[in-house]
Amino acid sequence: MRSKKAQRFINDRLSMGSLDFTAADVGYCVTCAEKEAKERMRAKAHHIIEKMMAGIFQGDVARKIADEFCKKLIEE
């Protein structure tokens, strides 16, 4: 499982001996997984944009462009 938070939640429930999961539990795990996936994709996009722009711009301009791009992604 790629979502560390969801995996910890499930493992904690299983270690307590509770094999019952409510709809709220499943919803929580899905929400955690979606949030972590968005964060990973945002970090990956930042890295790709920064690498692409580093060949064109000098100094920290490439990082600033990548930061601005990711900021626009968050604003959706």
# chains A, B, ... in the order shown; residues from 1 in each chain; ligands from 1
>>> residues_around(residues="stretch 38-46 of chain A", least_positions_apart="2", cutoff="12 Å", atoms="only C-alpha atoms", output="ChimeraX atom specification")
/A:2-3,31-36,48-54,62-74
>>> write_last_selection(atoms="C-alpha atoms", output="PDB file, in the first residue's frame")
ATOM      1  CA  ARG A   2       1.424   3.363  -1.012  1.00  0.00           C
ATOM      2  CA  SER A   3      -0.409   5.430   1.598  1.00  0.00           C
ATOM      3  CA  THR A  31      -8.996  10.214   1.752  1.00  0.00           C
ATOM      4  CA  CYS A  32      -5.495   9.628   3.140  1.00  0.00           C
ATOM      5  CA  ALA A  33      -4.450   7.712   0.034  1.00  0.00           C
ATOM      6  CA  GLU A  34      -5.794  10.408  -2.309  1.00  0.00           C
ATOM      7  CA  LYS A  35      -4.074  13.180  -0.354  1.00  0.00           C
ATOM      8  CA  GLU A  36      -0.748  11.358  -0.335  1.00  0.00           C
ATOM      9  CA  ILE A  48      10.372  17.517 -13.507  1.00  0.00           C
ATOM     10  CA  ILE A  49       9.631  21.210 -14.148  1.00  0.00           C
ATOM     11  CA  GLU A  50      12.718  22.263 -12.205  1.00  0.00           C
ATOM     12  CA  LYS A  51      14.953  19.886 -14.187  1.00  0.00           C
ATOM     13  CA  MET A  52      13.464  20.998 -17.513  1.00  0.00           C
ATOM     14  CA  MET A  53      13.889  24.690 -16.718  1.00  0.00           C
ATOM     15  CA  ALA A  54      17.405  24.257 -15.297  1.00  0.00           C
ATOM     16  CA  ALA A  62      14.128  27.157 -12.429  1.00  0.00           C
ATOM     17  CA  ARG A  63      13.124  26.439  -8.824  1.00  0.00           C
ATOM     18  CA  LYS A  64      10.959  29.559  -8.709  1.00  0.00           C
ATOM     19  CA  ILE A  65       9.170  28.515 -11.906  1.00  0.00           C
ATOM     20  CA  ALA A  66       8.570  25.027 -10.476  1.00  0.00           C
ATOM     21  CA  ASP A  67       7.326  26.559  -7.198  1.00  0.00           C
ATOM     22  CA  GLU A  68       4.899  28.798  -9.071  1.00  0.00           C
ATOM     23  CA  PHE A  69       3.661  25.879 -11.184  1.00  0.00           C
ATOM     24  CA  CYS A  70       2.969  23.782  -8.094  1.00  0.00           C
ATOM     25  CA  LYS A  71       1.272  26.728  -6.404  1.00  0.00           C
ATOM     26  CA  LYS A  72      -1.093  26.969  -9.389  1.00  0.00           C
ATOM     27  CA  LEU A  73      -1.794  23.226  -9.105  1.00  0.00           C
ATOM     28  CA  ILE A  74      -2.834  23.660  -5.492  1.00  0.00           C
TER      29      ILE A  74
END
>>> atom_distance(atom1="atom CA of A:Tyr28", atom2="atom CA of A:Gln7")
11.2 Å
>>> atom_distance(atom1="atom CA of A:Gly59", atom2="atom CA of A:Glu75")
26.3 Å
>>> atom_distance(atom1="atom CA of A:Ala37", atom2="atom CA of A:Leu14")
23.7 Å
>>> residues_around(residues="A:Phe9", least_positions_apart="5", cutoff="9 Å", atoms="only C-alpha atoms", output="list in words")
Lys4, Leu14, Asp25 and Cys29 of chain A
>>> write_last_selection(atoms="N, CA, C and O atoms", output="PDB file, in the first residue's frame")
ATOM      1  N   LYS A   4       1.095   5.603   3.475  1.00  0.00           N
ATOM      2  CA  LYS A   4       1.655   5.202   4.768  1.00  0.00           C
ATOM      3  C   LYS A   4       0.668   5.446   5.901  1.00  0.00           C
ATOM      4  O   LYS A   4       0.556   4.644   6.820  1.00  0.00           O
ATOM      5  N   LEU A  14      -5.817  -3.769  13.060  1.00  0.00           N
ATOM      6  CA  LEU A  14      -5.605  -5.215  13.060  1.00  0.00           C
ATOM      7  C   LEU A  14      -4.846  -5.661  14.299  1.00  0.00           C
ATOM      8  O   LEU A  14      -5.111  -6.736  14.839  1.00  0.00           O
ATOM      9  N   ASP A  25     -14.204   4.310   8.329  1.00  0.00           N
ATOM     10  CA  ASP A  25     -12.813   3.854   8.307  1.00  0.00           C
ATOM     11  C   ASP A  25     -12.299   3.762   6.878  1.00  0.00           C
ATOM     12  O   ASP A  25     -11.197   4.217   6.561  1.00  0.00           O
ATOM     13  N   CYS A  29      -9.359   6.036   4.992  1.00  0.00           N
ATOM     14  CA  CYS A  29      -8.205   5.462   4.285  1.00  0.00           C
ATOM     15  C   CYS A  29      -8.135   5.957   2.845  1.00  0.00           C
ATOM     16  O   CYS A  29      -7.058   6.270   2.345  1.00  0.00           O
TER      17      CYS A  29
END
